[in-house]
>>> print(open('run.txt').read())   # compact mmCIF, C-alpha atoms and all ligand atoms
# COMPACT_ATOMS: atom_id res chain seq x y z
CA MET A 17 -4.97 17.89 -4.15
CA LEU A 18 -4.91 15.11 -1.57
CA GLU A 19 -5.54 15.88 2.04
CA LEU A 20 -5.14 13.58 5.03
CA LYS A 21 -7.03 14.90 8.02
CA ASN A 22 -6.15 13.52 11.46
CA ILE A 23 -5.53 9.98 10.24
CA SER A 24 -4.86 7.26 12.82
CA TYR A 25 -4.33 3.57 12.21
CA THR A 26 -3.99 0.80 14.76
CA VAL A 27 -2.97 -2.83 14.21
CA ASP A 28 -3.36 -5.87 16.38
CA ASP A 29 0.12 -6.80 17.56
CA ASN A 30 -0.08 -10.19 19.28
CA GLY A 31 -3.37 -9.32 20.97
CA LYS A 32 -2.32 -5.77 21.86
CA ASP A 33 -3.42 -2.62 20.04
CA LYS A 34 -0.48 -0.85 18.43
CA GLU A 35 -1.06 2.59 16.94
CA ILE A 36 1.29 2.81 13.98
CA ILE A 37 -0.12 6.03 12.45
CA ARG A 38 -0.89 8.77 14.94
CA ASP A 39 -3.05 11.70 14.00
CA VAL A 40 -1.38 12.42 10.67
CA SER A 41 -2.51 15.50 8.76
CA LEU A 42 -0.92 16.24 5.42
CA LYS A 43 -1.63 18.13 2.18
CA LEU A 44 -0.23 17.02 -1.18
CA GLU A 45 -0.73 19.83 -3.68
CA ASP A 46 -1.18 19.42 -7.44
CA ASP A 47 1.80 19.53 -9.76
CA ARG A 48 4.31 18.92 -6.99
CA PHE A 49 6.93 16.31 -6.39
CA TYR A 50 7.13 15.05 -2.81
CA VAL A 51 9.63 12.72 -1.22
CA ILE A 52 8.49 10.98 1.95
CA THR A 53 11.44 9.86 4.01
CA GLY A 54 12.35 8.84 7.55
CA PRO A 55 13.60 5.90 9.60
CA ASN A 56 12.70 2.27 8.98
CA GLY A 57 9.42 1.37 10.63
CA GLY A 58 8.36 5.03 10.86
CA GLY A 59 5.06 4.47 9.04
CA LYS A 60 5.76 5.55 5.42
CA SER A 61 4.45 2.42 3.69
CA THR A 62 1.44 2.38 5.99
CA ILE A 63 0.59 5.97 4.99
CA ALA A 64 0.90 4.97 1.30
CA LYS A 65 -1.45 2.02 1.88
CA LEU A 66 -3.94 4.31 3.65
CA ILE A 67 -3.84 6.68 0.66
CA SER A 68 -4.35 3.89 -1.88
CA GLY A 69 -7.15 2.27 0.14
CA ILE A 70 -5.39 -0.99 1.04
CA TYR A 71 -5.83 0.00 4.70
CA LYS A 72 -8.77 1.93 6.16
CA PRO A 73 -8.00 4.46 8.90
CA ASP A 74 -9.54 4.07 12.37
CA SER A 75 -10.18 7.79 12.45
CA GLY A 76 -9.73 10.80 10.22
CA ARG A 77 -10.73 11.57 6.65
CA ILE A 78 -8.99 11.47 3.26
CA ILE A 79 -10.07 14.06 0.71
CA PHE A 80 -9.00 13.86 -2.95
CA ASP A 81 -9.84 16.78 -5.22
CA GLY A 82 -12.67 17.82 -2.93
CA THR A 83 -14.20 14.33 -2.66
CA ASP A 84 -14.13 12.34 0.56
CA ILE A 85 -12.55 9.02 -0.49
CA THR A 86 -12.13 7.56 3.02
CA ASP A 87 -14.73 4.86 2.44
CA MET A 88 -13.78 4.13 -1.18
CA SER A 89 -12.20 0.80 -2.14
CA VAL A 90 -8.77 0.44 -3.81
CA THR A 91 -10.47 0.08 -7.21
CA GLU A 92 -12.65 3.15 -6.72
CA ARG A 93 -9.63 5.20 -5.67
CA ALA A 94 -7.68 3.90 -8.68
CA LYS A 95 -10.54 5.02 -10.93
CA ALA A 96 -10.59 8.39 -9.20
CA GLY A 97 -6.91 8.81 -10.20
CA ILE A 98 -4.66 7.33 -7.53
CA SER A 99 -1.84 4.89 -8.36
CA PHE A 100 0.38 3.09 -5.90
CA ALA A 101 3.56 1.15 -6.68
CA PHE A 102 4.39 -1.25 -3.84
CA GLN A 103 7.67 -1.53 -1.91
CA GLN A 104 7.42 -5.25 -2.65
CA PRO A 105 5.42 -5.64 -5.86
CA VAL A 106 2.77 -8.31 -6.11
CA ARG A 107 3.24 -11.19 -8.58
CA PHE A 108 0.33 -12.33 -10.76
CA LYS A 109 0.52 -15.95 -11.86
CA GLY A 110 -1.00 -16.55 -15.28
CA ILE A 111 -1.04 -12.84 -16.23
CA THR A 112 1.50 -11.40 -18.66
CA VAL A 113 3.30 -8.07 -18.56
CA LYS A 114 1.30 -6.95 -21.59
CA ASP A 115 -1.99 -7.85 -19.84
CA LEU A 116 -1.06 -5.68 -16.86
CA ILE A 117 0.10 -2.70 -18.91
CA THR A 118 -3.03 -2.86 -21.08
CA LEU A 119 -5.23 -3.20 -18.02
CA ALA A 120 -3.55 -0.16 -16.49
CA ALA A 121 -3.76 2.09 -19.53
CA GLY A 122 -6.92 0.89 -21.24
CA ASP A 123 -6.80 0.04 -24.92
CA MET A 124 -3.32 0.24 -26.35
CA THR A 125 -1.19 -1.39 -29.02
CA THR A 126 1.64 -3.80 -28.25
CA ALA A 127 4.03 -1.16 -29.60
CA ASP A 128 2.75 1.37 -27.04
CA ALA A 129 2.99 -1.16 -24.23
CA CYS A 130 6.57 -1.95 -25.31
CA GLU A 131 7.39 1.76 -25.17
CA TYR A 132 6.68 1.79 -21.42
CA LEU A 133 8.99 -1.17 -20.86
CA SER A 134 11.76 0.57 -22.79
CA GLU A 135 11.28 3.63 -20.58
CA VAL A 136 12.29 1.56 -17.54
CA GLY A 137 15.23 -0.03 -19.37
CA LEU A 138 13.69 -3.41 -20.13
CA CYS A 139 14.03 -4.92 -23.60
CA ALA A 140 10.36 -5.08 -24.55
CA ARG A 141 10.77 -8.12 -26.83
CA ASP A 142 12.04 -10.20 -23.89
CA TYR A 143 9.46 -9.13 -21.36
CA ILE A 144 6.18 -8.19 -23.00
CA ASN A 145 4.81 -11.76 -23.01
CA ARG A 146 6.45 -12.89 -19.76
CA GLU A 147 4.19 -14.02 -16.97
CA VAL A 148 4.39 -11.79 -13.90
CA ASN A 149 5.34 -14.70 -11.67
CA ALA A 150 8.18 -15.78 -9.38
CA SER A 151 10.55 -16.25 -12.33
CA LEU A 152 11.06 -12.47 -12.58
CA SER A 153 13.92 -11.07 -10.53
CA GLY A 154 13.18 -8.49 -7.82
CA GLY A 155 14.61 -5.63 -9.91
CA GLU A 156 12.74 -6.74 -13.05
CA LEU A 157 9.47 -6.86 -11.15
CA LYS A 158 10.11 -3.44 -9.65
CA ARG A 159 10.76 -1.96 -13.12
CA ILE A 160 7.66 -3.63 -14.58
CA GLU A 161 5.61 -2.10 -11.78
CA ILE A 162 7.04 1.33 -12.56
CA ALA A 163 6.21 0.80 -16.28
CA ILE A 164 2.61 -0.06 -15.33
CA THR A 165 2.38 3.06 -13.18
CA LEU A 166 3.71 5.17 -16.08
CA ALA A 167 1.10 3.62 -18.36
CA ARG A 168 -1.62 4.64 -15.91
CA SER A 169 -0.31 8.23 -15.52
CA THR A 170 -2.92 9.14 -12.92
CA LYS A 171 -3.33 12.45 -11.15
CA LEU A 172 -1.61 11.13 -8.01
CA THR A 173 1.11 8.50 -8.00
CA VAL A 174 2.74 7.10 -4.88
CA PHE A 175 5.91 5.04 -5.33
CA ASP A 176 7.16 3.07 -2.35
CA GLU A 177 10.97 2.86 -2.53
CA PRO A 178 11.09 2.53 -6.32
CA GLU A 179 14.89 2.37 -6.23
CA ALA A 180 14.98 -0.76 -4.05
CA GLY A 181 16.68 -3.55 -5.99
CA ILE A 182 17.29 -1.33 -9.02
CA ASP A 183 20.88 -1.40 -10.25
CA LEU A 184 23.00 1.72 -10.44
CA TRP A 185 22.77 2.16 -14.20
CA SER A 186 18.99 2.04 -14.09
CA PHE A 187 18.91 4.33 -11.11
CA ASN A 188 20.09 7.22 -13.30
CA ASN A 189 17.29 6.47 -15.74
CA LEU A 190 14.78 6.21 -12.96
CA ILE A 191 15.32 9.85 -12.05
CA ARG A 192 14.70 10.76 -15.70
CA VAL A 193 11.53 8.63 -15.69
CA PHE A 194 10.13 10.54 -12.69
CA ASP A 195 10.91 13.88 -14.32
CA LYS A 196 9.12 12.78 -17.48
CA LEU A 197 6.09 11.56 -15.56
CA HIS A 198 5.97 14.84 -13.68
CA ASP A 199 5.95 16.77 -16.99
CA LYS A 200 3.28 14.49 -18.43
CA ILE A 201 0.67 14.34 -15.66
CA HIS A 202 0.99 17.75 -14.02
CA GLY A 203 -0.37 15.93 -11.02
CA THR A 204 1.19 14.89 -7.77
CA ILE A 205 4.05 12.44 -7.37
CA ALA A 206 4.98 11.19 -3.92
CA ILE A 207 8.02 8.95 -3.68
CA ILE A 208 8.93 7.13 -0.51
CA SER A 209 12.70 6.95 -0.51
CA HIS A 210 15.87 6.88 1.57
CA GLN A 211 18.04 7.88 -1.40
CA GLU A 212 19.69 11.29 -1.28
CA ARG A 213 19.60 11.60 -5.08
CA ILE A 214 15.83 11.17 -5.08
CA ILE A 215 15.51 13.49 -2.08
CA ASN A 216 17.47 16.07 -4.11
CA ILE A 217 14.83 16.26 -6.85
CA ALA A 218 11.90 16.80 -4.48
CA ASP A 219 9.91 20.04 -4.42
CA GLU A 220 9.11 19.23 -0.83
CA LEU A 221 10.21 16.67 1.77
CA ILE A 222 7.93 14.95 4.26
CA LEU A 223 9.63 13.43 7.26
CA VAL A 224 7.76 10.53 8.86
CA ALA A 225 8.93 9.01 12.14
CA ASP A 226 7.21 7.09 14.91
CA GLY A 227 3.86 7.14 13.08
CA ARG A 228 3.81 10.92 12.74
CA VAL A 229 4.66 13.55 10.16
CA THR A 230 7.41 15.25 12.10
CA LYS A 231 8.40 17.88 9.51
CA THR A 232 7.51 19.06 6.01
CA GLY A 233 9.43 21.59 3.98
CA SER A 234 12.27 22.20 1.58
CA ARG A 235 15.43 20.11 1.50
CA GLU A 236 17.24 22.89 3.34
CA GLU A 237 14.64 22.83 6.11
CA VAL A 238 14.29 19.06 6.52
CA MET A 239 17.71 17.57 5.73
CA PRO A 240 19.51 18.96 8.81
CA LEU A 241 16.88 17.28 10.96
CA ILE A 242 17.34 13.95 9.18
CA LEU A 243 21.12 14.13 9.48
CA SER A 244 21.15 15.17 13.13
CA GLU A 245 18.61 12.59 14.30
CA THR A 246 19.92 9.42 15.91
CA TRP A 247 16.61 7.55 15.62
CA ALA A 248 17.46 5.82 18.89
CA VAL A 249 15.18 3.12 20.23
CA ASP A 250 14.01 4.62 23.49
CA SER A 251 12.22 1.68 24.99
CA CYS A 252 12.32 -2.02 24.51
CA ASP A 253 10.45 -4.52 26.67
CA LYS A 254 12.60 -7.45 27.69
CA ILE A 255 11.37 -10.84 26.52
CA SER A 256 10.70 -12.87 29.63
N1 LIG A 301 0.26 -5.91 11.24
C1 LIG A 301 1.21 -5.33 11.99
N2 LIG A 301 1.46 -5.75 13.26
C2 LIG A 301 2.40 -5.16 14.00
N3 LIG A 301 3.17 -4.13 13.60
C3 LIG A 301 2.95 -3.69 12.34
C4 LIG A 301 1.97 -4.26 11.47
N4 LIG A 301 2.01 -3.59 10.29
C5 LIG A 301 2.97 -2.65 10.42
N5 LIG A 301 3.54 -2.71 11.64
C6 LIG A 301 4.60 -1.84 12.17
O1 LIG A 301 4.27 -0.51 11.86
C7 LIG A 301 5.46 0.25 11.68
C8 LIG A 301 5.37 1.03 10.40
O2 LIG A 301 5.57 0.17 9.29
P1 LIG A 301 5.82 0.71 7.83
O3 LIG A 301 5.94 -0.49 6.93
O4 LIG A 301 4.77 1.70 7.51
O5 LIG A 301 7.22 1.45 7.98
P2 LIG A 301 8.13 2.19 6.90
O6 LIG A 301 8.30 3.60 7.36
O7 LIG A 301 7.57 1.96 5.54
O8 LIG A 301 9.53 1.44 7.07
P3 LIG A 301 10.67 1.05 5.97
O9 LIG A 301 11.51 2.29 5.75
O10 LIG A 301 11.46 -0.02 6.68
O11 LIG A 301 10.00 0.52 4.75
C9 LIG A 301 6.61 -0.77 11.75
O12 LIG A 301 7.19 -0.71 13.04
C10 LIG A 301 5.94 -2.09 11.51
O13 LIG A 301 6.64 -3.16 12.14
MG MG A 302 8.22 0.90 3.86
>>> encode(input="run.txt", output="structure tokens")
Amino acid sequence: MLELKNISYTVDDNGKDKEIIRDVSLKLEDDRFYVITGPNGGGKSTIAKLISGIYKPDSGRIIFDGTDITDMSVTERAKAGISFAFQQPVRFKGITVKDLITLAAGDMTTADACEYLSEVGLCARDYINREVNASLSGGELKRIEIAITLARSTKLTVFDEPEAGIDLWSFNNLIRVFDKLHDKIHGTIAIISHQERIINIADELILVADGRVTKTGSREEVMPLILSETWAVDSCDKIS
């Protein structure tokens, strides 16, 4: 189980402190499928980066399976069993798809690595030796990142908008991929998404807005709030 306890995170916004995560407390239980949703700029990706260790909170603690991981690095958290797939995946010049999958899963055969690419609808023969560089399209990169995350199959996996840039045909398969991962790891999957079809497969929804968790619960409990909200901008300083 992952627990965020009173997490706050402030950035420097042109010389001014801007609190983008405000006292967030959250529990992600084992063997559950969460979808984190909410308006653009609400703080979802920032929460994911706080969980994976890319950002360190200004206050609060993060507990994973009873261990305080707040001061652990990204690598230490990855070793402890946390995976994170970025909203905008990172490219690695000079490193091939096979290198990354092998790195993620430890020792494995090329055939096994290819299996993960097939899972995300990529023809393994065409991609296994490709460099993970700017020549890959956005959707290809996104799928490769999902394949790497599947290869890792850690206790907790956070996907940041995995559907972004994925075509409609693959989208159907993506849902199947999440189901399969859920069956395999019996751990926790948290998907950040705006897509109703992904929201529909969640055990629980987490609504994040304005740097806060504003509601958690079943689809029936959270969806009406999402649909009724106007997400209006309530203040905007004029540029002088
Ligand atoms: N370094 C920074 N300086 C200023 N503002 C920042 C910085 N980093 C993040 N923010 C702001 O923090 C807020 C939360 O960003 P975040 O990326 O977590 O949102 P999100 O919920 O993932 O949005 P989306 O649905 O668009 O992906 C945004 O308003 C963003 O502009
Ligand atoms: Mg985001």
>>> residues_near_ligand(input="run.txt", ligand="ligand LIG 301 (chain A)", cutoff="7 Å", atoms="only C-alpha atoms and all ligand atoms", output="MDAnalysis selection string")
chainID A and resid 27:29 34 36 54:63 227
>>> closest_residue(input="run.txt", among="A:Lys114, A:Lys21, A:Arg107, A:Lys171", to="Asp74 in chain A", atoms="all atoms listed in the file")
A:Lys21
>>> atom_distance(input="run.txt", atom1="CA of Ser41 in chain A", atom2="CA of Leu66 in chain A")
12.4 Å
>>> closest_residue(input="run.txt", among="A:Ile79, A:Ile144, A:Met17, A:Leu172", to="Ala94 in chain A", atoms="all atoms listed in the file")
A:Leu172
>>> closest_residue(input="run.txt", among="A:Ala225, A:Leu157, A:Ile214, A:Ile78", to="Gly181 in chain A", atoms="all atoms listed in the file")
A:Leu157
>>> atom_distance(input="run.txt", atom1="CA of Ala120 in chain A", atom2="CA of Ala140 in chain A")
16.8 Å
>>> closest_residue(input="run.txt", among="A:Ile215, A:Ala64, A:Val224, A:Val193", to="Ile98 in chain A", atoms="all atoms listed in the file")
A:Ala64
>>> residues_near_point(input="run.txt", point="(6.0, 4.6, -16.2)", cutoff="10 Å", atoms="all atoms listed in the file", output="JSON, numbers by chain")
{"A": [117, 131, 132, 133, 134, 135, 136, 159, 160, 161, 162, 163, 164, 165, 166, 167, 168, 169, 190, 193, 194, 196, 197]}
>>> closest_residue(input="run.txt", among="A:Phe108, A:Phe102, A:Phe80, A:Tyr50", to="Leu152 in chain A", atoms="all atoms listed in the file")
A:Phe108
>>> residues_around(input="run.txt", residues="Leu241 in chain A", least_positions_apart="6", cutoff="12 Å", atoms="all atoms listed in the file", output="list of chain:residue names")
A:Thr53, A:Gly54, A:Pro55, A:Leu221, A:Ile222, A:Leu223, A:Val224, A:Ala225, A:Thr230, A:Lys231, A:Thr232, A:Gly233, A:Ser234, A:Arg235, A:Trp247
>>> write_last_selection(input="run.txt", atoms="C-alpha atoms", output="mmCIF file, in the frame of the given file")
data_model
loop_
_atom_site.group_PDB
_atom_site.id
_atom_site.type_symbol
_atom_site.label_atom_id
_atom_site.label_comp_id
_atom_site.auth_asym_id
_atom_site.auth_seq_id
_atom_site.Cartn_x
_atom_site.Cartn_y
_atom_site.Cartn_z
ATOM 1 C CA THR A 53 11.440 9.860 4.010
ATOM 2 C CA GLY A 54 12.350 8.840 7.550
ATOM 3 C CA PRO A 55 13.600 5.900 9.600
ATOM 4 C CA LEU A 221 10.210 16.670 1.770
ATOM 5 C CA ILE A 222 7.930 14.950 4.260
ATOM 6 C CA LEU A 223 9.630 13.430 7.260
ATOM 7 C CA VAL A 224 7.760 10.530 8.860
ATOM 8 C CA ALA A 225 8.930 9.010 12.140
ATOM 9 C CA THR A 230 7.410 15.250 12.100
ATOM 10 C CA LYS A 231 8.400 17.880 9.510
ATOM 11 C CA THR A 232 7.510 19.060 6.010
ATOM 12 C CA GLY A 233 9.430 21.590 3.980
ATOM 13 C CA SER A 234 12.270 22.200 1.580
ATOM 14 C CA ARG A 235 15.430 20.110 1.500
ATOM 15 C CA TRP A 247 16.610 7.550 15.620
#
>>> atom_distance(input="run.txt", atom1="CA of Ile191 in chain A", atom2="CA of Pro240 in chain A")
23.1 Å
>>> closest_residue(input="run.txt", among="A:Ser99, A:Thr86, A:Ser209, A:Ser186", to="ligand MG 302 (chain A)", atoms="all atoms listed in the file")
A:Ser209
>>> build_atoms(input="run.txt", residues="range 181-192 of chain A", atoms="all heavy atoms", output="mmCIF file, in the frame of the given file")
data_model
loop_
_atom_site.group_PDB
_atom_site.id
_atom_site.type_symbol
_atom_site.label_atom_id
_atom_site.label_comp_id
_atom_site.auth_asym_id
_atom_site.auth_seq_id
_atom_site.Cartn_x
_atom_site.Cartn_y
_atom_site.Cartn_z
ATOM 1 N N GLY A 181 16.383 -2.428 -5.091
ATOM 2 C CA GLY A 181 16.680 -3.550 -5.990
ATOM 3 C C GLY A 181 17.002 -3.124 -7.406
ATOM 4 O O GLY A 181 17.268 -3.949 -8.265
ATOM 5 N N ILE A 182 16.991 -1.829 -7.665
ATOM 6 C CA ILE A 182 17.290 -1.330 -9.020
ATOM 7 C C ILE A 182 18.791 -1.064 -9.105
ATOM 8 O O ILE A 182 19.351 -0.409 -8.227
ATOM 9 C CB ILE A 182 16.492 -0.030 -9.304
ATOM 10 C CG1 ILE A 182 14.982 -0.290 -9.238
ATOM 11 C CG2 ILE A 182 16.925 0.620 -10.596
ATOM 12 C CD1 ILE A 182 14.296 -0.622 -10.515
ATOM 13 N N ASP A 183 19.427 -1.568 -10.166
ATOM 14 C CA ASP A 183 20.880 -1.400 -10.250
ATOM 15 C C ASP A 183 21.262 0.053 -10.532
ATOM 16 O O ASP A 183 20.413 0.870 -10.900
ATOM 17 C CB ASP A 183 21.465 -2.338 -11.317
ATOM 18 C CG ASP A 183 20.868 -2.061 -12.683
ATOM 19 O OD1 ASP A 183 21.150 -0.992 -13.232
ATOM 20 O OD2 ASP A 183 20.089 -2.898 -13.182
ATOM 21 N N LEU A 184 22.532 0.332 -10.369
ATOM 22 C CA LEU A 184 23.000 1.720 -10.440
ATOM 23 C C LEU A 184 22.762 2.372 -11.794
ATOM 24 O O LEU A 184 22.363 3.525 -11.869
ATOM 25 C CB LEU A 184 24.505 1.775 -10.140
ATOM 26 C CG LEU A 184 24.857 2.110 -8.706
ATOM 27 C CD1 LEU A 184 26.365 2.165 -8.569
ATOM 28 C CD2 LEU A 184 24.244 3.447 -8.276
ATOM 29 N N TRP A 185 22.969 1.608 -12.868
ATOM 30 C CA TRP A 185 22.770 2.160 -14.200
ATOM 31 C C TRP A 185 21.312 2.603 -14.360
ATOM 32 O O TRP A 185 21.016 3.702 -14.812
ATOM 33 C CB TRP A 185 23.122 1.110 -15.257
ATOM 34 C CG TRP A 185 22.941 1.633 -16.649
ATOM 35 C CD1 TRP A 185 23.843 2.337 -17.389
ATOM 36 C CD2 TRP A 185 21.755 1.527 -17.448
ATOM 37 N NE1 TRP A 185 23.285 2.677 -18.586
ATOM 38 C CE2 TRP A 185 22.030 2.196 -18.665
ATOM 39 C CE3 TRP A 185 20.503 0.947 -17.260
ATOM 40 C CZ2 TRP A 185 21.076 2.277 -19.685
ATOM 41 C CZ3 TRP A 185 19.566 1.033 -18.277
ATOM 42 C CH2 TRP A 185 19.856 1.692 -19.470
ATOM 43 N N SER A 186 20.408 1.732 -13.926
ATOM 44 C CA SER A 186 18.990 2.040 -14.090
ATOM 45 C C SER A 186 18.551 3.161 -13.171
ATOM 46 O O SER A 186 17.589 3.864 -13.450
ATOM 47 C CB SER A 186 18.146 0.811 -13.785
ATOM 48 O OG SER A 186 18.622 -0.262 -14.528
ATOM 49 N N PHE A 187 19.254 3.286 -12.065
ATOM 50 C CA PHE A 187 18.910 4.330 -11.110
ATOM 51 C C PHE A 187 18.959 5.712 -11.763
ATOM 52 O O PHE A 187 18.079 6.533 -11.562
ATOM 53 C CB PHE A 187 19.855 4.244 -9.911
ATOM 54 C CG PHE A 187 19.455 5.142 -8.788
ATOM 55 C CD1 PHE A 187 18.415 4.794 -7.958
ATOM 56 C CD2 PHE A 187 20.108 6.345 -8.566
ATOM 57 C CE1 PHE A 187 18.030 5.626 -6.928
ATOM 58 C CE2 PHE A 187 19.734 7.178 -7.542
ATOM 59 C CZ PHE A 187 18.688 6.821 -6.716
ATOM 60 N N ASN A 188 19.994 5.938 -12.582
ATOM 61 C CA ASN A 188 20.090 7.220 -13.300
ATOM 62 C C ASN A 188 18.865 7.445 -14.185
ATOM 63 O O ASN A 188 18.324 8.536 -14.258
ATOM 64 C CB ASN A 188 21.335 7.249 -14.196
ATOM 65 C CG ASN A 188 22.592 7.312 -13.358
ATOM 66 O OD1 ASN A 188 22.573 7.860 -12.262
ATOM 67 N ND2 ASN A 188 23.661 6.731 -13.856
ATOM 68 N N ASN A 189 18.455 6.365 -14.861
ATOM 69 C CA ASN A 189 17.290 6.470 -15.740
ATOM 70 C C ASN A 189 16.000 6.679 -14.971
ATOM 71 O O ASN A 189 15.085 7.346 -15.448
ATOM 72 C CB ASN A 189 17.168 5.218 -16.603
ATOM 73 C CG ASN A 189 18.176 5.257 -17.715
ATOM 74 O OD1 ASN A 189 18.241 6.230 -18.459
ATOM 75 N ND2 ASN A 189 19.002 4.241 -17.793
ATOM 76 N N LEU A 190 15.971 6.103 -13.795
ATOM 77 C CA LEU A 190 14.780 6.210 -12.960
ATOM 78 C C LEU A 190 14.457 7.671 -12.652
ATOM 79 O O LEU A 190 13.315 8.110 -12.734
ATOM 80 C CB LEU A 190 15.035 5.437 -11.663
ATOM 81 C CG LEU A 190 13.835 5.014 -10.853
ATOM 82 C CD1 LEU A 190 12.958 4.063 -11.666
ATOM 83 C CD2 LEU A 190 14.276 4.323 -9.572
ATOM 84 N N ILE A 191 15.499 8.418 -12.346
ATOM 85 C CA ILE A 191 15.320 9.850 -12.050
ATOM 86 C C ILE A 191 14.699 10.538 -13.271
ATOM 87 O O ILE A 191 13.783 11.341 -13.152
ATOM 88 C CB ILE A 191 16.678 10.506 -11.696
ATOM 89 C CG1 ILE A 191 17.362 9.726 -10.575
ATOM 90 C CG2 ILE A 191 16.545 11.992 -11.445
ATOM 91 C CD1 ILE A 191 17.196 10.226 -9.190
ATOM 92 N N ARG A 192 15.202 10.170 -14.450
ATOM 93 C CA ARG A 192 14.700 10.760 -15.700
ATOM 94 C C ARG A 192 13.221 10.384 -15.900
ATOM 95 O O ARG A 192 12.399 11.190 -16.319
ATOM 96 C CB ARG A 192 15.560 10.226 -16.850
ATOM 97 C CG ARG A 192 15.463 10.980 -18.151
ATOM 98 C CD ARG A 192 16.328 10.343 -19.220
ATOM 99 N NE ARG A 192 16.194 8.891 -19.278
ATOM 100 C CZ ARG A 192 15.180 8.246 -19.876
ATOM 101 N NH1 ARG A 192 14.248 8.924 -20.490
ATOM 102 N NH2 ARG A 192 15.128 6.940 -19.867
#
